[in-house]
Amino acid sequence: MAGIFEGVKILDFTNNVAGPCGTAMFADLGANVLKVERPVAGDDSRGINPRIEGQSLTFIWCNRGKKSIELALDDPESQELLYRIIQDADVVIESFKPGLMKKFNLDYEKVAKVNPKIIYCSISACGQTGGYRTMPGFDIIAQGMSGLMDLCGDPDGMPVKNGVTIGDYVGAFNAFGSISAALYHRLRTGEGQYIDLSLLDGLISCNTTAENAANLEAHPTRSGPHHGTMAPYGIYMGKNNQCVIIAAFTAGMWNKLCISIGKPEMLEDPDFATSGMRVRNLKRLVAVLEEWLRQFDNIDDAVKIMKDGGVACCKIRSTYEVVHDPVLWERGTFVEIPTQPSFQKIKSVKTRGPWIRFSKTPAEMKRAPDLGEHNYEILEEYGWDKNKIDAMEAKWSGKFKKQ
């Protein structure tokens, strides 16, 4: 069955996570994604740990289903060849520091002259315009500048970064959505266009409640394991540091929680009459709930009692527990994908599967490419013969260093 984006050609100049993850989603759905990598070294993420057989699992997942070609972007001959590829491409996506593609003669203005219908997406930390445009393009920079990091951690402690590169993934999903929308617009009008996508903008768009409060001249900051305006809605600790989430801030859910834990008298307590009152008396509420939780050697038993009573709750699981959950494997949340031809022993890796499920056009995760694996296939198609390719590779081998 043909994928949604069958026949769409994407020229991918991105590195690390945000851009590559976004274009991998197109590859899952049938797009032809040509990954342009730095000769010899390749994508920076090829050097990220953890690795198997010396190769990065991050690279494998973020570049599944693509074809890899090596070209030096500052080389005029490479640029001329890229113009030929661009002529029949649908999308160009890059994640360099703003202004760098212009130095390579591959900025939107030049590319649009070669192909006026091109959709061109630039991903950066803080966008292509404004006073922050030269900030380094790292996820942690965007987290720190967005206000989100100040909301994470203990009120009396330091801000805490998210446990994953959340800005990169928000950027990836925004790239997928915005490019898909631009393709639809072009289908209706024939027009290509430019997309300026910022990790910082994406994270700020997630900051709803605190941003609303700040616009009303409040100064929201870290509320620790609990919500600043709703209770109970947070993390509660039982015996041996076992933790649960309890989300029982509505009147109906609060009633179910009090009954489930055997404390119906709390329903008549004026300190707990509303969610707002429970926030004001949070220390007392936490003490009551955690005293009940500490009765259980296994926190799963407490969770079962609350769930049976209709309370919204769950145990906080480790990543190890999540990736060994048979329910998620059965659903397809986790899958195995093949490794590259350069692997000697390991023929597949376990990883996250497609998280958007289409009934008619399901995503299919394929293997990632070895560096330059498709040099001959693609570069010969656009005018370089084998001798030319070999000569250019020899030239680049002295210029670039392997990771």
# chains A, B, ... in the order shown; residues from 1 in each chain; ligands from 1

call {"tool": "closest_atom_pairs", "arguments": {"of": "stretch 127-219 of chain A", "to": "stretch 9-26 of chain A", "cutoff": "6 Å", "atoms": "only C-alpha atoms", "output": "Markdown table"}}
result
| residue | atom | partner | partner_atom | distance |
| --- | --- | --- | --- | --- |
| A:Asp168 | CA | A:Ala18 | CA | 4.4 |
| A:Tyr169 | CA | A:Ala18 | CA | 5.8 |
| A:Gly171 | CA | A:Ala18 | CA | 5.5 |
| A:Ala172 | CA | A:Gly22 | CA | 4.2 |
| A:Phe173 | CA | A:Gly22 | CA | 6.0 |
| A:Ala175 | CA | A:Gly22 | CA | 5.7 |
| A:Phe176 | CA | A:Gly22 | CA | 5.2 |

call {"tool": "select_by_dssp", "arguments": {"residues": "stretch 94-205 of chain A", "states": "alpha helix (DSSP H)", "output": "ChimeraX atom specification"}}
result
/A:100-103,108-114,139-146,166-189,199-204

call {"tool": "residues_around", "arguments": {"residues": "A:Asp28", "least_positions_apart": "2", "cutoff": "9 Å", "atoms": "only C-alpha atoms", "output": "PyMOL selection string"}}
result
chain A and resi 3+5+23-26+30-31+64-65+354+362-366

call {"tool": "closest_residue", "arguments": {"among": "A:Tyr233, A:Val286, A:Asp370, A:Phe104", "to": "A:Cys314", "atoms": "only C-alpha atoms"}}
result
A:Tyr233

call {"tool": "residues_around", "arguments": {"residues": "A:Ile195", "least_positions_apart": "5", "cutoff": "9 Å", "atoms": "only C-alpha atoms", "output": "ChimeraX atom specification"}}
result
/A:119-123,175,178-179,182

call {"tool": "closest_residue", "arguments": {"among": "A:Trp384, A:Phe138, A:Tyr376, A:Phe334", "to": "A:Arg84", "atoms": "only C-alpha atoms"}}
result
A:Trp384

call {"tool": "closest_residue", "arguments": {"among": "A:Met158, A:Val114, A:Ile337, A:Ile93", "to": "A:Trp61", "atoms": "only C-alpha atoms"}}
result
A:Ile337

call {"tool": "closest_residue", "arguments": {"among": "A:Glu321, A:Ile4, A:Leu282, A:Val36", "to": "A:Ser180", "atoms": "only C-alpha atoms"}}
result
A:Ile4

call {"tool": "residues_around", "arguments": {"residues": "A:Pro220", "least_positions_apart": "2", "cutoff": "8 Å", "atoms": "only C-alpha atoms", "output": "VMD selection string"}}
result
chain A and resid 151 210 213 to 214 218 222

call {"tool": "atom_distance", "arguments": {"atom1": "atom CA of A:Gly42", "atom2": "atom CA of A:Leu371"}}
result
6.3 Å

call {"tool": "residues_around", "arguments": {"residues": "A:Ala368", "least_positions_apart": "5", "cutoff": "8 Å", "atoms": "only C-alpha atoms", "output": "list in words"}}
result
Phe59, Ile60, Trp61, Asn63, Arg64, Gly65, Lys66, Lys67, Thr339 and Gln340 of chain A

call {"tool": "write_last_selection", "arguments": {"atoms": "C-alpha atoms", "output": "tab-separated table (two decimals), in the first residue's frame"}}
result
chain	number	residue	atom	x	y	z
A	59	PHE	CA	21.11	8.24	14.60
A	60	ILE	CA	19.42	4.96	13.66
A	61	TRP	CA	16.05	6.08	14.99
A	63	ASN	CA	17.25	8.69	10.21
A	64	ARG	CA	15.27	5.55	9.53
A	65	GLY	CA	14.04	5.08	5.99
A	66	LYS	CA	16.39	7.66	4.41
A	67	LYS	CA	19.11	7.56	1.77
A	339	THR	CA	20.28	-2.30	11.25
A	340	GLN	CA	22.50	-0.95	8.46

call {"tool": "select_by_dssp", "arguments": {"residues": "stretch 139-254 of chain A", "states": "strand (DSSP E or B)", "output": "list in words"}}
result
Gln193, Tyr194, Ile195, Asp196, Leu197, Ser198, His226, Tyr233, Gly234, Ile235, Tyr236, Met237, Cys243, Val244, Ile245, Ile246 and Ala247 of chain A

call {"tool": "write_last_selection", "arguments": {"atoms": "N, CA and C atoms", "output": "compact mmCIF listing (two decimals), in the first residue's frame"}}
result
# COMPACT_ATOMS: atom_id res chain seq x y z
N GLN A 193 6.71 27.79 -0.46
CA GLN A 193 6.89 28.85 0.51
C GLN A 193 8.01 28.51 1.49
N TYR A 194 8.35 29.51 2.31
CA TYR A 194 9.42 29.38 3.30
C TYR A 194 8.82 29.21 4.69
N ILE A 195 9.42 28.32 5.50
CA ILE A 195 8.96 28.07 6.87
C ILE A 195 10.12 28.36 7.82
N ASP A 196 9.90 29.28 8.74
CA ASP A 196 10.87 29.63 9.78
C ASP A 196 10.40 28.99 11.07
N LEU A 197 11.10 27.94 11.53
CA LEU A 197 10.64 27.16 12.67
C LEU A 197 11.67 27.26 13.80
N SER A 198 11.21 27.66 14.97
CA SER A 198 12.08 27.90 16.12
C SER A 198 11.76 26.95 17.27
N HIS A 226 3.86 19.33 42.57
CA HIS A 226 2.42 19.59 42.58
C HIS A 226 2.07 20.76 41.68
N TYR A 233 -3.21 17.15 42.38
CA TYR A 233 -2.82 16.98 40.99
C TYR A 233 -1.30 17.01 40.96
N GLY A 234 -0.71 15.87 41.29
CA GLY A 234 0.74 15.85 41.38
C GLY A 234 1.29 14.50 41.77
N ILE A 235 2.50 14.54 42.34
CA ILE A 235 3.26 13.34 42.67
C ILE A 235 3.23 13.14 44.18
N TYR A 236 2.92 11.92 44.59
CA TYR A 236 2.85 11.59 46.01
C TYR A 236 3.72 10.37 46.28
N MET A 237 4.45 10.42 47.42
CA MET A 237 5.43 9.38 47.71
C MET A 237 4.93 8.42 48.78
N CYS A 243 6.54 6.19 44.03
CA CYS A 243 5.72 7.38 43.79
C CYS A 243 4.53 7.08 42.88
N VAL A 244 3.46 7.84 43.11
CA VAL A 244 2.27 7.74 42.27
C VAL A 244 1.84 9.13 41.83
N ILE A 245 1.12 9.16 40.73
CA ILE A 245 0.41 10.36 40.28
C ILE A 245 -1.03 10.25 40.75
N ILE A 246 -1.53 11.31 41.37
CA ILE A 246 -2.96 11.38 41.71
C ILE A 246 -3.50 12.66 41.07
N ALA A 247 -4.51 12.50 40.24
CA ALA A 247 -5.14 13.64 39.55
C ALA A 247 -6.62 13.65 39.91
